[in-house]
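Chemist: Just so it is clear, I am handing over query.csv, which has CSV, C-alpha atoms.
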chain,number,residue,atom,x,y,z
A,7,MET,CA,123.2,105.3,88.7
A,8,ARG,CA,121.0,104.3,85.7
A,9,VAL,CA,118.6,101.5,86.5
A,10,GLY,CA,116.5,99.9,83.8
A,11,VAL,CA,112.9,99.0,84.5
A,12,ILE,CA,111.4,96.6,82.1
A,13,THR,CA,107.8,96.9,80.9
A,14,PHE,CA,106.2,93.7,79.4
A,15,PRO,CA,102.6,93.6,78.2
A,16,GLY,CA,100.7,93.2,81.4
A,17,THR,CA,103.4,94.6,83.7
A,18,LEU,CA,101.8,96.7,86.5
A,19,ASP,CA,104.4,97.9,88.9
A,20,ASP,CA,107.0,99.5,86.6
A,21,VAL,CA,105.9,103.0,87.6
A,22,ASP,CA,106.3,102.3,91.3
A,23,ALA,CA,109.7,100.6,90.6
A,24,ALA,CA,110.9,103.6,88.6
A,25,ARG,CA,109.7,105.9,91.5
A,26,ALA,CA,111.6,103.8,94.0
A,27,VAL,CA,114.8,104.2,91.9
A,28,ARG,CA,114.3,108.0,91.8
A,29,TYR,CA,113.8,108.0,95.6
A,30,ALA,CA,117.2,106.4,95.9
A,31,ASP,CA,118.6,109.2,93.7
A,32,GLY,CA,119.0,107.0,90.7
A,33,GLU,CA,117.8,107.5,87.1
A,34,ALA,CA,115.1,105.1,86.0
A,35,VAL,CA,115.5,104.1,82.4
A,36,PRO,CA,112.4,102.5,80.8
A,37,LEU,CA,113.2,99.3,78.9
A,38,TRP,CA,110.7,97.7,76.5
A,39,HIS,CA,110.1,94.0,76.3
A,40,ALA,CA,110.6,93.9,72.5
A,41,ASP,CA,113.9,95.7,72.4
A,42,HIS,CA,117.3,94.1,72.3
A,43,ASP,CA,118.9,97.0,74.1
A,44,LEU,CA,119.7,97.7,77.8
A,45,LYS,CA,120.6,101.4,77.0
A,46,GLY,CA,123.8,101.2,79.1
A,47,VAL,CA,122.1,100.8,82.4
A,48,ASP,CA,124.0,99.8,85.6
A,49,ALA,CA,121.3,97.5,86.9
A,50,VAL,CA,117.9,96.1,85.9
A,51,ILE,CA,114.6,95.7,87.8
A,52,VAL,CA,112.0,93.2,86.5
A,53,PRO,CA,108.8,94.5,88.1
A,54,GLY,CA,105.6,92.9,89.2
A,55,GLY,CA,102.4,92.4,87.3
A,56,PHE,CA,100.9,89.8,84.9
A,57,SER,CA,103.3,89.7,82.0
A,58,TYR,CA,101.6,88.2,78.9
A,59,GLY,CA,98.5,87.6,81.0
A,60,ASP,CA,100.3,84.9,83.0
A,61,TYR,CA,99.4,82.5,80.2
A,62,LEU,CA,101.1,79.1,80.1
A,63,ARG,CA,102.8,79.8,83.5
A,64,CYS,CA,103.7,83.0,85.3
A,65,GLY,CA,106.8,84.4,83.7
A,66,ALA,CA,107.2,81.6,81.2
A,67,ILE,CA,106.5,83.7,78.1
A,68,ALA,CA,108.2,86.9,79.4
A,69,ARG,CA,111.4,84.8,79.9
A,70,PHE,CA,111.6,84.5,76.1
A,71,ALA,CA,111.0,88.3,75.4
A,72,PRO,CA,113.7,89.8,73.3
A,73,VAL,CA,115.0,92.1,76.1
A,74,MET,CA,115.6,89.1,78.4
A,75,THR,CA,118.4,87.9,76.1
A,76,GLU,CA,120.4,90.9,77.1
A,77,VAL,CA,119.3,90.8,80.8
A,78,ILE,CA,120.4,87.1,81.1
A,79,GLU,CA,123.7,87.9,79.4
A,80,ALA,CA,124.3,91.0,81.6
A,81,ALA,CA,123.3,89.1,84.8
A,82,ASN,CA,125.7,86.3,84.0
A,83,LYS,CA,128.4,89.0,83.8
A,84,GLY,CA,127.5,90.3,87.3
A,85,MET,CA,125.0,93.1,86.6
A,86,PRO,CA,122.6,93.5,89.5
A,87,VAL,CA,119.1,92.4,88.7
A,88,LEU,CA,116.1,92.5,90.9
A,89,GLY,CA,112.9,90.6,90.2
A,90,ILE,CA,109.8,91.5,92.2
A,91,CYS,CA,106.8,89.2,92.3
A,92,ASN,CA,106.1,88.5,88.6
A,93,GLY,CA,109.7,89.6,88.1
A,94,PHE,CA,110.8,86.9,90.5
A,95,GLN,CA,108.8,84.3,88.5
A,96,ILE,CA,110.4,85.5,85.3
A,97,LEU,CA,113.9,85.3,86.7
A,98,ALA,CA,113.2,81.7,88.0
A,99,GLU,CA,111.8,80.7,84.5
A,100,ALA,CA,115.0,82.3,83.0
A,101,HIS,CA,117.1,80.1,85.3
A,102,LEU,CA,118.8,83.2,86.8
A,103,LEU,CA,117.4,82.0,90.1
A,104,PRO,CA,116.7,78.3,91.0
A,105,GLY,CA,113.3,76.9,91.8
A,106,ALA,CA,109.8,77.8,90.7
A,107,LEU,CA,106.7,79.7,92.0
A,108,ILE,CA,103.4,77.8,92.1
A,109,ARG,CA,99.8,78.6,93.1
A,110,ASN,CA,99.3,79.7,96.7
A,111,HIS,CA,98.6,76.6,98.9
A,112,LYS,CA,95.2,77.9,100.0
A,113,LEU,CA,94.4,79.0,96.4
A,114,HIS,CA,93.6,82.6,97.6
A,115,PHE,CA,95.2,85.6,96.1
A,116,VAL,CA,97.0,87.1,99.1
A,117,CYS,CA,97.0,90.9,99.5
A,118,ARG,CA,98.4,92.2,102.8
A,119,ASP,CA,101.3,93.9,104.5
A,120,GLN,CA,103.8,91.3,105.3
A,121,TRP,CA,106.7,91.1,107.8
A,122,LEU,CA,109.9,89.8,106.3
A,123,LYS,CA,113.2,88.8,108.0
A,124,VAL,CA,116.4,89.9,106.3
A,125,GLU,CA,118.5,86.8,106.2
A,126,ASN,CA,121.3,88.0,103.9
A,127,ASN,CA,122.5,91.6,103.9
A,128,ASP,CA,125.4,90.7,101.6
A,129,THR,CA,123.7,91.0,98.2
A,130,ALA,CA,123.8,93.9,95.8
A,131,TRP,CA,120.3,94.8,97.0
A,132,THR,CA,120.3,94.3,100.8
A,133,THR,CA,123.5,95.9,102.2
A,134,ARG,CA,121.6,98.7,103.8
A,135,TYR,CA,119.7,96.3,106.1
A,136,ASP,CA,121.0,94.8,109.3
A,137,LYS,CA,121.1,91.0,109.2
A,138,GLY,CA,118.1,89.7,111.1
A,139,ALA,CA,116.2,93.0,110.7
A,140,GLU,CA,112.4,92.7,110.2
A,141,ILE,CA,110.8,94.8,107.5
A,142,LEU,CA,107.1,95.4,106.6
A,143,VAL,CA,106.2,95.6,102.9
A,144,PRO,CA,103.1,94.7,100.9
A,145,LEU,CA,102.6,91.3,99.5
A,146,LYS,CA,100.1,90.8,96.6
A,147,SER,CA,100.2,87.5,94.7
A,148,GLY,CA,98.3,84.4,93.8
A,149,GLU,CA,101.2,82.3,92.7
A,150,GLY,CA,103.9,82.9,95.3
A,151,GLY,CA,104.6,79.4,96.7
A,152,TYR,CA,108.3,78.9,96.3
A,153,GLN,CA,109.2,75.3,95.3
A,154,ALA,CA,112.6,73.7,94.7
A,155,ASP,CA,113.9,70.1,95.2
A,156,ARG,CA,115.6,69.1,98.4
A,157,ASN,CA,119.1,69.5,96.9
A,158,THR,CA,118.4,73.0,95.8
A,159,LEU,CA,116.9,74.0,99.1
A,160,ASP,CA,119.9,72.5,100.9
A,161,GLU,CA,122.2,74.5,98.6
A,162,LEU,CA,120.3,77.7,99.1
A,163,GLU,CA,120.2,77.3,102.9
A,164,GLY,CA,123.8,76.1,103.1
A,165,GLU,CA,125.2,79.0,101.1
A,166,GLY,CA,123.1,81.6,102.9
A,167,ARG,CA,121.2,82.4,99.7
A,168,VAL,CA,117.8,82.8,101.3
A,169,VAL,CA,117.6,86.6,101.4
A,170,PHE,CA,114.1,87.2,102.9
A,171,ARG,CA,111.9,84.8,104.9
A,172,TYR,CA,108.3,85.3,105.9
A,173,VAL,CA,107.7,86.1,109.5
A,174,GLY,CA,104.6,84.6,111.1
A,175,ASP,CA,102.0,82.7,109.0
A,176,ASN,CA,103.4,81.4,105.8
A,177,PRO,CA,101.2,83.3,103.3
A,178,ASN,CA,101.5,81.0,100.3
A,179,GLY,CA,103.0,77.6,101.3
A,180,SER,CA,106.6,78.5,100.3
A,181,ARG,CA,109.2,75.9,101.2
A,182,ASN,CA,111.2,76.9,104.3
A,183,ASN,CA,109.1,80.1,104.5
A,184,ILE,CA,111.2,81.5,101.6
A,185,ALA,CA,110.2,85.0,100.4
A,186,GLY,CA,113.3,85.8,98.4
A,187,ILE,CA,116.6,84.3,97.2
A,188,THR,CA,119.8,85.3,95.5
A,189,SER,CA,122.1,84.0,92.9
A,190,ALA,CA,125.4,82.4,93.8
A,191,ASN,CA,127.2,85.7,93.3
A,192,GLY,CA,124.7,87.8,95.3
A,193,ARG,CA,123.9,90.0,92.3
A,194,VAL,CA,120.5,88.7,91.2
A,195,VAL,CA,117.7,88.8,93.8
A,196,GLY,CA,114.1,87.7,93.5
A,197,LEU,CA,111.4,88.2,96.0
A,198,MET,CA,107.6,87.9,96.0
A,199,PRO,CA,106.7,90.9,98.3
A,200,HIS,CA,106.9,94.4,97.0
A,201,PRO,CA,109.6,96.7,98.4
A,202,GLU,CA,108.8,99.3,95.7
A,203,HIS,CA,105.4,99.9,97.3
A,204,ALA,CA,107.0,100.7,100.7
A,205,ILE,CA,109.4,103.6,100.1
A,206,ASP,CA,107.5,106.4,101.8
A,207,ALA,CA,105.2,106.1,104.8
A,208,LEU,CA,102.8,108.5,103.1
A,209,THR,CA,101.9,105.9,100.4
A,210,GLY,CA,103.0,102.6,101.9
A,211,PRO,CA,102.8,100.8,105.2
A,212,THR,CA,106.5,101.9,105.9
A,213,ASP,CA,109.6,103.1,104.0
A,214,ASP,CA,111.3,99.7,104.8
A,215,GLY,CA,111.5,98.8,101.1
A,216,LEU,CA,113.7,101.8,100.2
A,217,GLY,CA,116.7,100.1,101.6
A,218,MET,CA,116.9,97.7,98.7
A,219,PHE,CA,117.2,100.6,96.2
A,220,LEU,CA,119.7,102.5,98.4
A,221,SER,CA,121.7,99.3,98.7
A,222,LEU,CA,121.9,99.1,94.9
A,223,LEU,CA,123.2,102.7,94.8
A,224,ASP,CA,126.1,101.5,97.1
A,225,ALA,CA,126.7,98.5,95.0
A,226,VAL,CA,126.9,100.5,91.7
A,227,VAL,CA,129.0,103.3,93.2
A,228,ASN,CA,131.4,101.0,94.8
A,229,ALA,CA,131.7,98.8,91.7
B,62,MET,CA,100.8,68.1,59.0
B,63,ALA,CA,101.2,65.9,62.1
B,64,ARG,CA,99.2,66.1,65.2
B,65,VAL,CA,101.1,66.2,68.5
B,66,VAL,CA,99.8,66.1,72.1
B,67,VAL,CA,101.8,67.2,75.0
B,68,ASP,CA,100.5,66.5,78.5
B,69,VAL,CA,102.0,68.4,81.4
B,70,MET,CA,101.4,67.3,85.0
B,71,PRO,CA,102.7,68.7,88.4
B,72,LYS,CA,105.4,66.3,89.7
B,73,PRO,CA,104.0,63.9,92.3
B,74,GLU,CA,106.0,65.5,95.2
B,75,ILE,CA,104.7,69.0,94.3
B,76,LEU,CA,101.7,70.3,96.1
B,77,ASP,CA,98.8,70.7,93.7
B,78,PRO,CA,96.3,73.0,95.4
B,79,GLN,CA,94.1,73.2,92.3
B,80,GLY,CA,93.7,69.5,92.1
B,81,GLN,CA,93.0,69.3,95.8
B,82,ALA,CA,90.3,72.0,95.5
B,83,VAL,CA,88.7,70.0,92.7
B,84,ALA,CA,88.9,66.8,94.8
B,85,ASN,CA,87.4,68.5,97.8
B,86,ALA,CA,84.5,69.8,95.8
B,87,LEU,CA,83.4,66.4,94.4
B,88,PRO,CA,81.7,65.2,97.6
B,89,ARG,CA,79.8,68.4,97.8
B,90,LEU,CA,78.4,67.7,94.3
B,91,GLY,CA,77.4,64.2,95.4
B,92,PHE,CA,80.3,62.3,93.9
B,93,ASP,CA,81.9,60.0,96.5
B,94,GLY,CA,84.9,57.7,96.2
B,95,VAL,CA,87.4,60.0,94.4
B,96,GLU,CA,90.5,59.9,96.5
B,97,THR,CA,92.8,62.3,94.7
B,98,VAL,CA,92.8,64.7,91.8
B,99,ARG,CA,95.9,66.1,90.1
B,100,GLN,CA,95.3,69.0,87.6
B,101,GLY,CA,97.6,69.5,84.7
B,102,LYS,CA,97.7,71.0,81.2
B,103,HIS,CA,97.0,69.4,77.8
B,104,PHE,CA,98.4,70.9,74.6
B,105,GLU,CA,97.5,70.0,71.1
B,106,LEU,CA,99.9,71.0,68.4
B,107,GLU,CA,99.6,70.9,64.6
B,108,VAL,CA,103.2,70.7,63.3
B,109,ALA,CA,104.8,70.3,59.9
B,110,ASP,CA,105.8,66.8,58.9
B,111,ASP,CA,109.5,67.7,59.1
B,112,VAL,CA,109.5,68.6,62.8
B,113,ASP,CA,111.4,65.8,64.4
B,114,ASP,CA,110.9,64.2,67.9
B,115,ALA,CA,114.0,66.0,69.3
B,116,THR,CA,112.5,69.4,68.4
B,117,LEU,CA,109.2,68.4,70.0
B,118,ALA,CA,111.0,67.3,73.1
B,119,LYS,CA,112.8,70.5,73.3
B,120,ILE,CA,109.6,72.6,72.9
B,121,ALA,CA,108.0,70.6,75.8
B,122,GLU,CA,111.0,70.7,78.1
B,123,THR,CA,112.0,74.4,77.6
B,124,PHE,CA,108.7,76.0,77.2
B,125,LEU,CA,105.5,74.0,77.7
B,126,ALA,CA,106.6,72.5,80.9
B,127,ASN,CA,108.8,73.7,83.7
B,128,PRO,CA,111.0,70.7,84.7
B,129,VAL,CA,111.5,72.1,88.2
B,130,ILE,CA,107.9,71.4,89.1
B,131,GLU,CA,106.3,69.5,86.1
B,132,ASP,CA,106.6,66.2,84.2
B,133,TRP,CA,105.6,66.0,80.6
B,134,VAL,CA,104.8,63.4,77.9
B,135,VAL,CA,105.0,64.1,74.1
B,136,ARG,CA,103.1,61.8,71.7
B,137,ARG,CA,102.2,61.9,68.1
B,138,VAL,CA,98.6,61.0,67.4
B,139,GLU,CA,96.7,60.0,64.3
B,140,ALA,CA,94.9,62.9,62.7
Let me see the file written as C-alpha cells.

Modeler:
Amino acid sequence: MRVGVITFPGTLDDVDAARAVRYADGEAVPLWHADHDLKGVDAVIVPGGFSYGDYLRCGAIARFAPVMTEVIEAANKGMPVLGICNGFQILAEAHLLPGALIRNHKLHFVCRDQWLKVENNDTAWTTRYDKGAEILVPLKSGEGGYQADRNTLDELEGEGRVVFRYVGDNPNGSRNNIAGITSANGRVVGLMPHPEHAIDALTGPTDDGLGMFLSLLDAVVNA
Amino acid sequence: MARVVVDVMPKPEILDPQGQAVANALPRLGFDGVETVRQGKHFELEVADDVDDATLAKIAETFLANPVIEDWVVRRVEA
C-alpha cells in the first residue's frame, strides 16, 4: 500500500501522517505541492498545518497547487483521499467535499483531546471502527466551524455522510456537531481532529486514530 | 491599467464571530449605539485594460470569495 502525503509550504503534520501510514504497514510516499505527479500511489493524505500561511482563506490557495490537479482527478475516479484539519479545509475548497470551514465560534484556537462518535464505518477510512464507537483524538484548530447550507446538511445527514460527530461540548460551532464528512462514494473523507496524532498511547492520548489508516489498508487490499 | 475593487462579505446567515467580537468591544471603548458589525475582505486589483468583466467575475467567484459562505461585489473604479 503506497500512500502519498502532500507537503505544501506551511504544512505541519506531514511527518506524523507518514508515520501513521507506516504504523499501518503502508509505505508513505512524499508528494510535493509543486509537482504534477502522484508517483503511482494508492491513496493520498492531505495533512494539517497552515498551507500558504492560511492567506486569503484556509486552504484556498493550496487548492490551486499543481499537485491538487492530479489529486482531484484521482479522487473523482475513486482514489481514497483523507484530509485532516487544513487538509479538510483544502478538500472543501477543492469541492471534493461540500461546505466550508470558518473561524471557531468563540474565536479561540482550540487545542485539546476530543471525543468523537463514529457515525459512518462504511468509508474507505473507517471500516475498522464499530458504528457508534467513541474515539479520543487531538483537536487543534482555529477555523474548524463546519458550515453548509440547509440543503447540503440535509443531504449529508440523509445519506449518512456525516462520518464523525463531536461528543460533548461543540468545540467550534460546527453545524450539527459535524467533525468529519465523506464524499457521495465514501472514498474521500475530511475531518478537523487529528487521528494521525493518536496512533500510539506512548505519544498520543490513545491509539484510536490508527483505525483510519488500518481501514485504508483494507480498502486498498480489497480493491 | 484599470483599477478594480472586490468586496467579499460573509453571507448574512453565516455566523461572523470576528464581526461580533468587534461589535462587543466597541462599548468597552466608549462607543455606544453600534448594533452589529460584519467583517469582510476588500481587494484592490490593478488589471490590464483587456481583462473583461467575465474574467473578473470568475476571479472573484472561484478564488477571492468562497460562494458557500461569502457574497462578493466586483466594481471598476476610476484610477

Chemist: Can you tell me which residues surround Phe56 in chain A at a distance of at most 7 Å, considering all atoms listed in the file, apart from same-chain residues fewer than 3 positions away, and format the answer as a list of chain:residue names?

Modeler: A:Gly16, A:Thr17, A:Gly59, A:Asp60, A:Asn92

Chemist: Per residue of range 37-156 of chain A within 10 Å of range 191-203 of chain A, record the nearest atom pair and its distance in Å to one decimal, counting only C-alpha atoms, with rows in chain order and ascending residue number, as CSV.

Modeler:
residue,atom,partner,partner_atom,distance
A:Ala49,CA,A:Arg193,CA,9.6
A:Val50,CA,A:Val194,CA,9.5
A:Ile51,CA,A:Val195,CA,9.7
A:Val52,CA,A:Gly196,CA,9.1
A:Pro53,CA,A:Glu202,CA,9.0
A:Gly54,CA,A:His200,CA,8.0
A:Ala81,CA,A:Val194,CA,7.0
A:Asn82,CA,A:Val194,CA,9.2
A:Lys83,CA,A:Arg193,CA,9.7
A:Gly84,CA,A:Arg193,CA,6.2
A:Met85,CA,A:Arg193,CA,6.6
A:Pro86,CA,A:Arg193,CA,4.7
A:Val87,CA,A:Val194,CA,4.7
A:Leu88,CA,A:Val195,CA,5.0
A:Gly89,CA,A:Gly196,CA,4.6
A:Ile90,CA,A:Leu197,CA,5.3
A:Cys91,CA,A:Met198,CA,4.0
A:Asn92,CA,A:Met198,CA,7.6
A:Gly93,CA,A:Gly196,CA,7.2
A:Phe94,CA,A:Gly196,CA,4.5
A:Gln95,CA,A:Gly196,CA,8.0
A:Ile96,CA,A:Gly196,CA,9.3
A:Leu97,CA,A:Gly196,CA,7.2
A:Ala98,CA,A:Gly196,CA,8.2
A:Leu102,CA,A:Val194,CA,7.2
A:Leu103,CA,A:Gly196,CA,7.4
A:Leu107,CA,A:Met198,CA,9.2
A:Cys117,CA,A:Pro199,CA,9.8
A:Arg118,CA,A:Pro199,CA,9.5
A:Asp119,CA,A:Pro199,CA,8.8
A:Gln120,CA,A:Pro199,CA,7.6
A:Trp121,CA,A:Pro199,CA,9.5
A:Leu122,CA,A:Pro199,CA,8.7
A:Asn126,CA,A:Gly192,CA,9.2
A:Asn127,CA,A:Gly192,CA,9.7
A:Asp128,CA,A:Gly192,CA,7.0
A:Thr129,CA,A:Gly192,CA,4.4
A:Ala130,CA,A:Arg193,CA,5.2
A:Trp131,CA,A:Val195,CA,7.3
A:Thr132,CA,A:Val195,CA,9.3
A:Ile141,CA,A:Pro201,CA,9.4
A:Leu142,CA,A:Pro201,CA,8.7
A:Val143,CA,A:Pro201,CA,5.7
A:Pro144,CA,A:His200,CA,5.5
A:Leu145,CA,A:Pro199,CA,4.3
A:Lys146,CA,A:Pro199,CA,6.8
A:Ser147,CA,A:Met198,CA,7.5
A:Glu149,CA,A:Met198,CA,9.1
A:Gly150,CA,A:Met198,CA,6.3
A:Gly151,CA,A:Met198,CA,9.0
A:Tyr152,CA,A:Met198,CA,9.0

Chemist: Tell me, counting only C-alpha atoms, for each residue of chain A within 8 Å of chain B, which pair of atoms is nearest and how far apart they are in Å to one decimal, in rows ordered by chain and increasing number, as CSV.

Modeler:
residue,atom,partner,partner_atom,distance
A:Leu62,CA,B:Leu125,CA,7.2
A:Ala66,CA,B:Phe124,CA,7.0
A:Glu99,CA,B:Asn127,CA,7.7
A:Gly105,CA,B:Val129,CA,6.3
A:Ala106,CA,B:Val129,CA,6.5
A:Arg109,CA,B:Pro78,CA,7.0
A:Asn110,CA,B:Pro78,CA,7.5
A:His111,CA,B:Pro78,CA,5.5
A:Lys112,CA,B:Pro78,CA,6.8
A:Leu113,CA,B:Pro78,CA,6.4
A:Gln153,CA,B:Ile130,CA,7.4
A:Ala154,CA,B:Val129,CA,6.8
A:Asp155,CA,B:Val129,CA,7.7

Chemist: Figure out the distance between CA of Ile205 in chain A and CA of Asp22 in chain A, please, to one decimal in Å.

Modeler: 9.4 Å

Chemist: Rounded to one decimal, what separation in Å do you get between CA of Pro36 in chain A and CA of Thr13 in chain A?

Modeler: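 The value is 7.2 Å.
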